[in-house]
>>> print(open('run_7.txt').read())   # compact mmCIF, C-alpha atoms and all ligand atoms
# COMPACT_ATOMS: atom_id res chain seq x y z
CA MET A 1 98.23 93.91 87.55
CA ALA A 2 98.10 97.48 88.91
CA VAL A 3 99.29 97.59 92.51
CA ASN A 4 98.69 100.46 94.93
CA LEU A 5 100.45 100.25 98.28
CA ARG A 6 100.09 103.90 99.27
CA GLY A 7 99.40 104.35 102.98
CA ARG A 8 99.56 100.64 103.83
CA ASN A 9 101.29 98.98 106.81
CA LEU A 10 103.75 96.10 106.48
CA LEU A 11 103.40 94.21 109.76
CA SER A 12 103.52 90.70 108.29
CA ILE A 13 104.81 89.58 104.90
CA LYS A 14 101.35 88.11 104.35
CA ASP A 15 100.01 91.71 104.28
CA LEU A 16 101.32 91.76 100.69
CA SER A 17 99.75 89.65 97.96
CA GLY A 18 102.00 87.79 95.52
CA ASP A 19 101.49 90.59 92.95
CA GLU A 20 102.33 93.22 95.56
CA ILE A 21 105.52 91.39 96.53
CA THR A 22 106.48 91.26 92.85
CA ALA A 23 105.79 95.00 92.54
CA VAL A 24 108.07 95.75 95.51
CA LEU A 25 110.82 93.55 94.07
CA ASP A 26 110.46 95.17 90.63
CA LYS A 27 110.67 98.66 92.12
CA ALA A 28 113.66 97.56 94.24
CA ALA A 29 115.45 96.21 91.16
CA GLU A 30 114.73 99.42 89.26
CA LEU A 31 116.14 101.57 92.09
CA LYS A 32 119.14 99.27 92.53
CA ALA A 33 120.02 99.47 88.82
CA ASP A 34 120.79 103.19 88.81
CA ARG A 35 121.65 104.69 92.19
CA ARG A 36 122.91 107.94 90.64
CA ARG A 37 119.57 108.57 88.94
CA VAL A 38 117.67 107.71 92.15
CA PHE A 39 119.78 110.20 94.11
CA ASP A 40 119.21 112.90 91.46
CA GLU A 41 115.47 112.27 91.26
CA ALA A 42 115.07 112.05 95.08
CA PRO A 43 111.67 110.28 95.07
CA LEU A 44 111.28 110.75 98.85
CA ALA A 45 112.46 114.38 99.06
CA GLY A 46 110.93 116.04 102.09
CA LYS A 47 109.83 112.72 103.63
CA THR A 48 110.93 111.56 107.08
CA LEU A 49 111.12 108.06 108.52
CA ALA A 50 111.08 107.47 112.30
CA MET A 51 112.96 104.31 113.27
CA ILE A 52 112.05 102.87 116.68
CA PHE A 53 114.51 100.27 117.98
CA LEU A 54 113.85 98.22 121.12
CA LYS A 55 116.55 95.70 120.11
CA PRO A 56 120.05 96.05 118.58
CA SER A 57 120.61 96.19 114.82
CA LEU A 58 123.29 96.66 112.19
CA ARG A 59 121.56 95.94 108.87
CA THR A 60 118.07 97.24 109.63
CA ARG A 61 119.25 100.54 111.03
CA VAL A 62 121.92 101.25 108.44
CA SER A 63 119.94 100.03 105.41
CA PHE A 64 116.88 102.11 106.28
CA GLU A 65 118.94 105.18 107.13
CA THR A 66 121.19 105.05 104.07
CA GLY A 67 118.18 104.13 101.96
CA MET A 68 116.34 107.28 103.05
CA THR A 69 119.44 109.38 102.32
CA LEU A 70 119.69 107.89 98.82
CA LEU A 71 115.99 108.53 98.17
CA GLY A 72 116.31 112.19 99.21
CA GLY A 73 114.50 111.77 102.53
CA HIS A 74 115.60 111.71 106.15
CA ALA A 75 115.60 109.05 108.88
CA ILE A 76 115.54 109.57 112.64
CA TYR A 77 116.97 106.83 114.89
CA LEU A 78 115.11 106.40 118.16
CA ALA A 79 117.00 104.17 120.60
CA PRO A 80 115.23 102.25 123.39
CA THR A 81 116.45 104.82 125.91
CA ASP A 82 115.21 107.76 123.81
CA ILE A 83 111.48 107.16 123.93
CA LYS A 84 111.11 104.32 126.48
CA LEU A 85 108.14 102.89 124.61
CA GLY A 86 105.49 101.59 126.99
CA GLN A 87 107.28 103.05 130.04
CA ARG A 88 107.51 106.79 129.55
CA GLU A 89 104.59 106.90 127.13
CA THR A 90 102.00 104.52 125.69
CA THR A 91 102.47 102.92 122.28
CA GLU A 92 99.22 104.58 121.18
CA ASP A 93 100.40 108.09 122.07
CA ILE A 94 103.79 107.50 120.44
CA ALA A 95 102.05 106.40 117.23
CA LEU A 96 99.74 109.43 117.28
CA VAL A 97 102.52 111.93 118.01
CA LEU A 98 104.96 110.52 115.46
CA SER A 99 102.19 110.58 112.84
CA ARG A 100 102.04 114.39 113.25
CA TYR A 101 105.72 114.71 112.33
CA VAL A 102 106.82 111.91 110.04
CA ASP A 103 105.64 110.17 106.87
CA LEU A 104 106.65 106.62 107.83
CA ILE A 105 107.39 104.64 110.99
CA MET A 106 109.61 101.57 111.19
CA ALA A 107 109.80 99.65 114.46
CA ARG A 108 111.90 96.77 115.79
CA VAL A 109 110.16 95.32 118.83
CA PHE A 110 109.85 92.30 121.08
CA GLY A 111 106.18 91.22 121.16
CA HIS A 112 104.42 91.51 117.80
CA ASP A 113 101.51 93.28 119.56
CA THR A 114 103.71 96.36 119.93
CA VAL A 115 104.19 96.85 116.20
CA ALA A 116 100.55 95.88 115.61
CA ASP A 117 99.50 98.60 118.11
CA LEU A 118 101.68 101.14 116.31
CA GLY A 119 100.04 100.11 113.05
CA ARG A 120 96.56 100.40 114.51
CA HIS A 121 97.04 103.89 115.92
CA ALA A 122 99.43 105.58 113.48
CA THR A 123 97.97 107.53 110.60
CA VAL A 124 101.12 106.95 108.52
CA PRO A 125 102.41 103.56 107.30
CA VAL A 126 104.13 101.34 109.87
CA ILE A 127 106.80 98.85 108.81
CA ASN A 128 107.77 95.90 111.01
CA GLY A 129 111.58 95.98 111.27
CA LEU A 130 111.50 92.66 113.20
CA SER A 131 109.23 91.38 115.95
CA ASP A 132 109.41 88.10 117.85
CA LEU A 133 106.85 86.78 115.34
CA GLU A 134 108.05 88.06 111.95
CA HIS A 135 110.75 89.83 109.94
CA PRO A 136 109.03 90.84 106.68
CA CYS A 137 111.70 93.31 105.44
CA GLN A 138 114.29 90.55 105.61
CA ILE A 139 112.14 88.31 103.46
CA LEU A 140 111.60 91.01 100.81
CA ALA A 141 115.41 91.27 100.56
CA ASP A 142 115.73 87.48 100.47
CA LEU A 143 113.16 87.08 97.70
CA LEU A 144 114.95 89.78 95.71
CA THR A 145 118.24 87.91 96.22
CA ILE A 146 116.81 84.54 95.20
CA ARG A 147 115.15 86.07 92.14
CA GLU A 148 118.46 87.69 91.11
CA ARG A 149 120.28 84.36 91.30
CA LYS A 150 117.59 82.00 89.97
CA ASN A 151 115.52 84.33 87.78
CA ARG A 152 112.33 83.00 89.33
CA LEU A 153 110.72 82.17 92.67
CA ALA A 154 107.71 79.97 91.91
CA GLY A 155 108.51 76.28 91.90
CA LEU A 156 111.88 76.54 93.68
CA LYS A 157 112.47 74.56 96.88
CA ALA A 158 113.72 76.64 99.83
CA VAL A 159 114.87 74.94 103.03
CA PHE A 160 115.18 76.74 106.35
CA ILE A 161 117.24 74.82 108.91
CA GLY A 162 117.34 75.88 112.56
CA ASP A 163 114.86 77.47 114.92
CA GLY A 164 111.24 77.95 113.88
CA ASN A 165 111.59 81.67 114.59
CA ASN A 166 110.51 85.06 113.22
CA VAL A 167 112.63 84.70 110.06
CA ALA A 168 111.32 81.17 109.45
CA HIS A 169 107.75 82.42 109.91
CA SER A 170 108.10 85.23 107.39
CA LEU A 171 109.93 82.99 104.95
CA MET A 172 107.12 80.42 105.09
CA LEU A 173 104.42 83.05 104.53
CA GLY A 174 106.43 84.84 101.82
CA ALA A 175 107.25 81.59 100.01
CA ALA A 176 103.58 80.64 100.12
CA ARG A 177 102.61 84.00 98.61
CA VAL A 178 105.01 83.65 95.67
CA GLY A 179 104.55 79.92 94.99
CA MET A 180 107.93 78.77 96.32
CA HIS A 181 108.04 75.41 98.11
CA MET A 182 109.34 75.64 101.66
CA THR A 183 110.67 73.01 104.04
CA VAL A 184 111.47 74.01 107.61
CA VAL A 185 113.88 71.65 109.40
CA THR A 186 113.98 71.94 113.19
CA PRO A 187 114.66 69.77 116.22
CA HIS A 188 111.53 68.40 117.92
CA GLY A 189 109.91 71.12 119.97
CA CYS A 190 111.43 74.04 118.00
CA GLU A 191 108.99 73.99 115.10
CA PRO A 192 107.38 77.21 113.78
CA GLN A 193 104.10 78.25 115.36
CA GLU A 194 101.21 76.03 114.28
CA GLN A 195 99.08 79.04 113.33
CA VAL A 196 101.78 80.35 110.99
CA LEU A 197 102.13 76.89 109.47
CA GLN A 198 98.39 76.67 108.84
CA GLU A 199 98.27 80.20 107.39
CA SER A 200 101.23 79.40 105.12
CA ARG A 201 99.62 76.21 103.92
CA ALA A 202 96.36 78.03 103.20
CA LEU A 203 98.19 80.72 101.20
CA GLY A 204 100.31 78.07 99.48
CA ALA A 205 97.21 76.18 98.37
CA ALA A 206 96.38 79.18 96.18
CA THR A 207 99.84 79.44 94.57
CA GLY A 208 100.93 75.80 94.45
CA ALA A 209 103.55 76.24 97.19
CA ARG A 210 104.09 73.15 99.36
CA ILE A 211 104.95 74.11 102.97
CA GLU A 212 106.29 71.37 105.23
CA VAL A 213 108.07 70.96 108.57
CA VAL A 214 110.43 68.02 109.19
CA ASN A 215 112.90 67.04 111.89
CA ASP A 216 115.63 65.36 109.85
CA PRO A 217 118.20 67.67 108.20
CA ALA A 218 119.29 65.28 105.43
CA THR A 219 115.70 64.53 104.39
CA GLY A 220 114.68 68.16 104.53
CA ALA A 221 117.63 69.45 102.48
CA ARG A 222 117.14 66.98 99.64
CA GLU A 223 117.15 68.71 96.21
CA ALA A 224 117.03 72.18 97.79
CA ASP A 225 117.50 75.25 95.59
CA VAL A 226 118.01 77.42 98.67
CA LEU A 227 119.53 76.52 102.06
CA TYR A 228 118.74 79.17 104.69
CA THR A 229 119.60 79.42 108.36
CA ASP A 230 119.49 81.88 111.26
CA VAL A 231 120.76 82.01 114.84
CA TRP A 232 119.50 79.30 117.19
CA ALA A 233 118.70 81.82 119.95
CA SER A 234 117.06 85.03 118.77
CA MET A 235 117.30 88.42 120.45
CA GLY A 236 115.45 88.18 123.74
CA GLN A 237 116.19 84.43 124.10
CA GLU A 238 119.73 84.85 125.45
CA ALA A 239 118.88 82.84 128.59
CA GLU A 240 118.03 79.82 126.43
CA ALA A 241 121.19 79.98 124.30
CA GLU A 242 123.15 77.23 126.10
CA ALA A 243 120.26 74.75 126.14
CA LYS A 244 119.57 75.49 122.49
CA LYS A 245 123.17 74.69 121.53
CA ARG A 246 122.56 71.10 122.66
CA ALA A 247 119.16 70.80 120.97
CA PHE A 248 120.38 72.23 117.66
CA SER A 249 123.61 70.29 117.25
CA GLY A 250 123.50 69.01 113.64
CA PHE A 251 120.95 71.57 112.50
CA ARG A 252 123.42 73.71 110.59
CA ILE A 253 124.59 74.55 107.09
CA ASP A 254 127.91 72.85 106.38
CA ALA A 255 129.51 70.71 103.67
CA ASP A 256 127.61 67.61 104.86
CA LEU A 257 124.22 69.27 104.56
CA MET A 258 125.10 70.84 101.20
CA LYS A 259 125.63 67.33 99.73
CA HIS A 260 121.88 66.76 99.99
CA ALA A 261 120.93 69.99 98.22
CA LYS A 262 121.29 70.78 94.52
CA SER A 263 124.89 71.56 93.58
CA ASP A 264 123.93 75.14 92.71
CA ALA A 265 121.84 75.69 95.85
CA ILE A 266 122.10 79.22 97.26
CA ILE A 267 123.30 79.51 100.87
CA MET A 268 121.49 82.18 102.83
CA HIS A 269 121.62 83.71 106.30
CA CYS A 270 119.93 86.91 107.45
CA LEU A 271 122.92 87.70 109.72
CA PRO A 272 124.27 88.21 112.32
CA ALA A 273 125.86 84.73 112.14
CA HIS A 274 127.43 82.45 114.72
CA TYR A 275 129.96 80.58 112.63
CA ASP A 276 130.59 77.85 115.17
CA GLU A 277 126.85 77.15 115.43
CA GLU A 278 124.18 77.39 112.70
CA ILE A 279 126.53 77.89 109.74
CA ASP A 280 130.05 76.79 108.95
CA TYR A 281 132.35 79.71 108.06
CA ALA A 282 133.67 77.89 104.96
CA ALA A 283 130.11 77.27 103.70
CA SER A 284 129.32 80.95 104.17
CA ARG A 285 132.23 81.92 101.90
CA THR A 286 131.57 79.58 98.95
CA PRO A 287 130.46 81.07 95.60
CA ASN A 288 127.02 79.62 96.39
CA SER A 289 126.69 81.93 99.37
CA ALA A 290 124.40 84.94 98.94
CA ILE A 291 124.58 86.21 102.50
CA PHE A 292 126.14 89.58 101.71
CA ASP A 293 123.83 90.07 98.71
CA GLN A 294 120.97 89.60 101.16
CA ALA A 295 122.45 92.25 103.45
CA GLU A 296 122.84 94.70 100.55
CA ASN A 297 119.38 93.92 99.25
CA ARG A 298 117.84 94.93 102.56
CA MET A 299 118.37 98.50 101.42
CA HIS A 300 117.11 98.04 97.88
CA ALA A 301 114.04 96.03 98.91
CA GLN A 302 113.12 98.56 101.60
CA ASN A 303 113.71 101.44 99.20
CA GLY A 304 111.28 99.83 96.76
CA LEU A 305 108.78 99.36 99.57
CA MET A 306 109.08 102.91 100.91
CA VAL A 307 108.70 104.48 97.46
CA LEU A 308 105.52 102.47 96.88
CA LEU A 309 104.16 103.33 100.35
CA VAL A 310 104.79 107.07 100.40
CA GLY A 311 106.56 108.16 97.19
N1 LIG B 1 119.18 90.78 109.46
C1 LIG B 1 118.96 91.80 110.30
O1 LIG B 1 117.83 92.21 110.54
O2 LIG B 1 120.09 92.34 110.84
P1 LIG B 1 120.13 93.38 112.05
O3 LIG B 1 119.61 92.67 113.27
O4 LIG B 1 121.58 93.75 112.17
O5 LIG B 1 119.28 94.56 111.70
N1 LIG B 2 115.94 85.53 114.52
C1 LIG B 2 116.90 86.60 114.73
C2 LIG B 2 116.97 87.46 113.52
C3 LIG B 2 117.98 88.57 113.60
C4 LIG B 2 118.00 89.44 112.38
C5 LIG B 2 116.49 87.41 115.94
O1 LIG B 2 115.30 87.69 116.10
O2 LIG B 2 117.37 87.76 116.73
>>> encode(input="run_7.txt", output="structure tokens")
Amino acid sequence: MAVNLRGRNLLSIKDLSGDEITAVLDKAAELKADRRRVFDEAPLAGKTLAMIFLKPSLRTRVSFETGMTLLGGHAIYLAPTDIKLGQRETTEDIALVLSRYVDLIMARVFGHDTVADLGRHATVPVINGLSDLEHPCQILADLLTIRERKNRLAGLKAVFIGDGNNVAHSLMLGAARVGMHMTVVTPHGCEPQEQVLQESRALGAATGARIEVVNDPATGAREADVLYTDVWASMGQEAEAEAKKRAFSGFRIDADLMKHAKSDAIIMHCLPAHYDEEIDYAASRTPNSAIFDQAENRMHAQNGLMVLLVG
């Protein structure tokens, strides 16, 4: 099916249909296969990306910036202290001004409303580089990684164990879009948002993806093709970190949990990791682990996305 993403925003992974996700992954794989040719052809020559960061980052910043360099374009890093979004200037004015200079905006924010506001007011595409609600770029990289290892997405069973957070939300919606079954395993009270669950189930009804939330790790991990985790306390939740450590004890990827999954289950983590908490260091270094492929694929997935948005 012909897909045209030119000029679109990516605020939520659900903004992309299943065919559009496949198109991004195909373009990412094509760009990944021959970096030399991509650099020579420079598909984003003359294009500039503004990167707004209200939170720290390693992968998102470096993958977008190196990605733009590889594609022949340019990226500008805007730290929280540079533009003081919402303090020195309104989100609306920042979106309107940046749109006069740059071809693309990527933003990492706290409340999802901030990136939604940027998307509403900018006249160039806006990409969500993580909000408290979602992390769609991460999930594009994750789907690329799973597809590389398993040669398919539809019909697999992915299990996310930990906090029902932004990564869990985007994984549920993305899995639903591509027909991948998804089980989220959390302690009571830490489940994903009900609205995201309902949206995921509605999208999954169209693709055959079963989306469920359970509270028992062993039950949830049964026959998993993918075991995924993330930090228990996300950026902005530092004050809750100690209490969460108690609530999440046992909700981690380790040898015990892996016994319940398929023997060739992929181990995934968006990183940064806390090896004494949500994932065991040894588990993260087994041949089943794809965590550094995920990190690398951030760049390829985003490159595919950016070329389809503005190339
Ligand atoms: N996974 C991820 O988004 O990493 P950073 O927070 O380092 O960008
Ligand atoms: N859930 C984590 C993801 C970090 C990439 C956070 O929001 O901090």
>>> atom_distance(input="run_7.txt", atom1="CA of Ser17 (chain A)", atom2="CA of Leu203 (chain A)")
9.6 Å
>>> residues_around(input="run_7.txt", residues="Asp103 (chain A)", least_positions_apart="5", cutoff="7 Å", atoms="only C-alpha atoms", output="PyMOL selection string")
chain A and resi 47-49+124
>>> closest_residue(input="run_7.txt", among="A:Met268, A:Ile13, A:Ala42, A:Met51", to="Gly311 (chain A)", atoms="only C-alpha atoms")
A:Ala42
>>> closest_atom_pairs(input="run_7.txt", of="chain A", to="ligand LIG 1 (chain B)", cutoff="10 Å", atoms="only C-alpha atoms and all ligand atoms", output="JSON lines")
{"residue": "A:Phe53", "atom": "CA", "partner": "B:LIG1", "partner_atom": "O5", "distance": 9.7}
{"residue": "A:Lys55", "atom": "CA", "partner": "B:LIG1", "partner_atom": "O3", "distance": 8.1}
{"residue": "A:Pro56", "atom": "CA", "partner": "B:LIG1", "partner_atom": "O3", "distance": 6.3}
{"residue": "A:Ser57", "atom": "CA", "partner": "B:LIG1", "partner_atom": "O4", "distance": 3.7}
{"residue": "A:Leu58", "atom": "CA", "partner": "B:LIG1", "partner_atom": "O4", "distance": 3.4}
{"residue": "A:Arg59", "atom": "CA", "partner": "B:LIG1", "partner_atom": "O5", "distance": 3.9}
{"residue": "A:Thr60", "atom": "CA", "partner": "B:LIG1", "partner_atom": "O5", "distance": 3.6}
{"residue": "A:Arg61", "atom": "CA", "partner": "B:LIG1", "partner_atom": "O5", "distance": 6.0}
{"residue": "A:Val62", "atom": "CA", "partner": "B:LIG1", "partner_atom": "O5", "distance": 7.9}
{"residue": "A:Ser63", "atom": "CA", "partner": "B:LIG1", "partner_atom": "O5", "distance": 8.4}
{"residue": "A:Phe64", "atom": "CA", "partner": "B:LIG1", "partner_atom": "O5", "distance": 9.6}
{"residue": "A:Arg108", "atom": "CA", "partner": "B:LIG1", "partner_atom": "O5", "distance": 8.7}
{"residue": "A:Gly129", "atom": "CA", "partner": "B:LIG1", "partner_atom": "O1", "distance": 7.3}
{"residue": "A:Leu130", "atom": "CA", "partner": "B:LIG1", "partner_atom": "O1", "distance": 6.9}
{"residue": "A:His135", "atom": "CA", "partner": "B:LIG1", "partner_atom": "O1", "distance": 7.5}
{"residue": "A:Pro136", "atom": "CA", "partner": "B:LIG1", "partner_atom": "O1", "distance": 9.7}
{"residue": "A:Cys137", "atom": "CA", "partner": "B:LIG1", "partner_atom": "O1", "distance": 8.0}
{"residue": "A:Gln138", "atom": "CA", "partner": "B:LIG1", "partner_atom": "N1", "distance": 6.2}
{"residue": "A:Ile139", "atom": "CA", "partner": "B:LIG1", "partner_atom": "N1", "distance": 9.6}
{"residue": "A:Ala141", "atom": "CA", "partner": "B:LIG1", "partner_atom": "N1", "distance": 9.7}
{"residue": "A:Val167", "atom": "CA", "partner": "B:LIG1", "partner_atom": "N1", "distance": 9.0}
{"residue": "A:Asp230", "atom": "CA", "partner": "B:LIG1", "partner_atom": "N1", "distance": 9.1}
{"residue": "A:Ser234", "atom": "CA", "partner": "B:LIG1", "partner_atom": "O3", "distance": 9.8}
{"residue": "A:Met235", "atom": "CA", "partner": "B:LIG1", "partner_atom": "O3", "distance": 8.7}
{"residue": "A:His269", "atom": "CA", "partner": "B:LIG1", "partner_atom": "N1", "distance": 8.1}
{"residue": "A:Cys270", "atom": "CA", "partner": "B:LIG1", "partner_atom": "N1", "distance": 4.4}
{"residue": "A:Leu271", "atom": "CA", "partner": "B:LIG1", "partner_atom": "N1", "distance": 4.9}
{"residue": "A:Pro272", "atom": "CA", "partner": "B:LIG1", "partner_atom": "O2", "distance": 6.1}
{"residue": "A:Ala273", "atom": "CA", "partner": "B:LIG1", "partner_atom": "N1", "distance": 9.4}
{"residue": "A:Ile291", "atom": "CA", "partner": "B:LIG1", "partner_atom": "N1", "distance": 9.9}
{"residue": "A:Gln294", "atom": "CA", "partner": "B:LIG1", "partner_atom": "N1", "distance": 8.6}
{"residue": "A:Ala295", "atom": "CA", "partner": "B:LIG1", "partner_atom": "N1", "distance": 7.0}
{"residue": "A:Arg298", "atom": "CA", "partner": "B:LIG1", "partner_atom": "N1", "distance": 8.2}
>>> residues_near_point(input="run_7.txt", point="(131.8, 82.2, 100.8)", cutoff="12 Å", atoms="only C-alpha atoms", output="list of chain:residue names")
A:Asp254, A:Ile266, A:Ile267, A:Met268, A:His269, A:Ile279, A:Asp280, A:Tyr281, A:Ala282, A:Ala283, A:Ser284, A:Arg285, A:Thr286, A:Pro287, A:Asn288, A:Ser289, A:Ala290, A:Ile291, A:Phe292, A:Asp293
>>> residues_around(input="run_7.txt", residues="Gly46 (chain A)", least_positions_apart="5", cutoff="9 Å", atoms="all atoms listed in the file", output="PyMOL selection string")
chain A and resi 72-74
>>> atom_distance(input="run_7.txt", atom1="CA of Glu278 (chain A)", atom2="CA of Gly162 (chain A)")
7.0 Å
>>> residues_around(input="run_7.txt", residues="Leu156 (chain A)", least_positions_apart="6", cutoff="12 Å", atoms="all atoms listed in the file", output="PyMOL selection string")
chain A and resi 143+146-147+149-150+175-176+178-183+208-211+223-227+262+265-266
>>> write_last_selection(input="run_7.txt", atoms="C-alpha atoms", output="CSV table (one decimal), keeping the file's coordinate frame")
chain,number,residue,atom,x,y,z
A,143,LEU,CA,113.2,87.1,97.7
A,146,ILE,CA,116.8,84.5,95.2
A,147,ARG,CA,115.2,86.1,92.1
A,149,ARG,CA,120.3,84.4,91.3
A,150,LYS,CA,117.6,82.0,90.0
A,175,ALA,CA,107.2,81.6,100.0
A,176,ALA,CA,103.6,80.6,100.1
A,178,VAL,CA,105.0,83.6,95.7
A,179,GLY,CA,104.6,79.9,95.0
A,180,MET,CA,107.9,78.8,96.3
A,181,HIS,CA,108.0,75.4,98.1
A,182,MET,CA,109.3,75.6,101.7
A,183,THR,CA,110.7,73.0,104.0
A,208,GLY,CA,100.9,75.8,94.4
A,209,ALA,CA,103.6,76.2,97.2
A,210,ARG,CA,104.1,73.2,99.4
A,211,ILE,CA,105.0,74.1,103.0
A,223,GLU,CA,117.2,68.7,96.2
A,224,ALA,CA,117.0,72.2,97.8
A,225,ASP,CA,117.5,75.2,95.6
A,226,VAL,CA,118.0,77.4,98.7
A,227,LEU,CA,119.5,76.5,102.1
A,262,LYS,CA,121.3,70.8,94.5
A,265,ALA,CA,121.8,75.7,95.8
A,266,ILE,CA,122.1,79.2,97.3
>>> atom_distance(input="run_7.txt", atom1="CA of Glu191 (chain A)", atom2="CA of Asp163 (chain A)")
6.8 Å
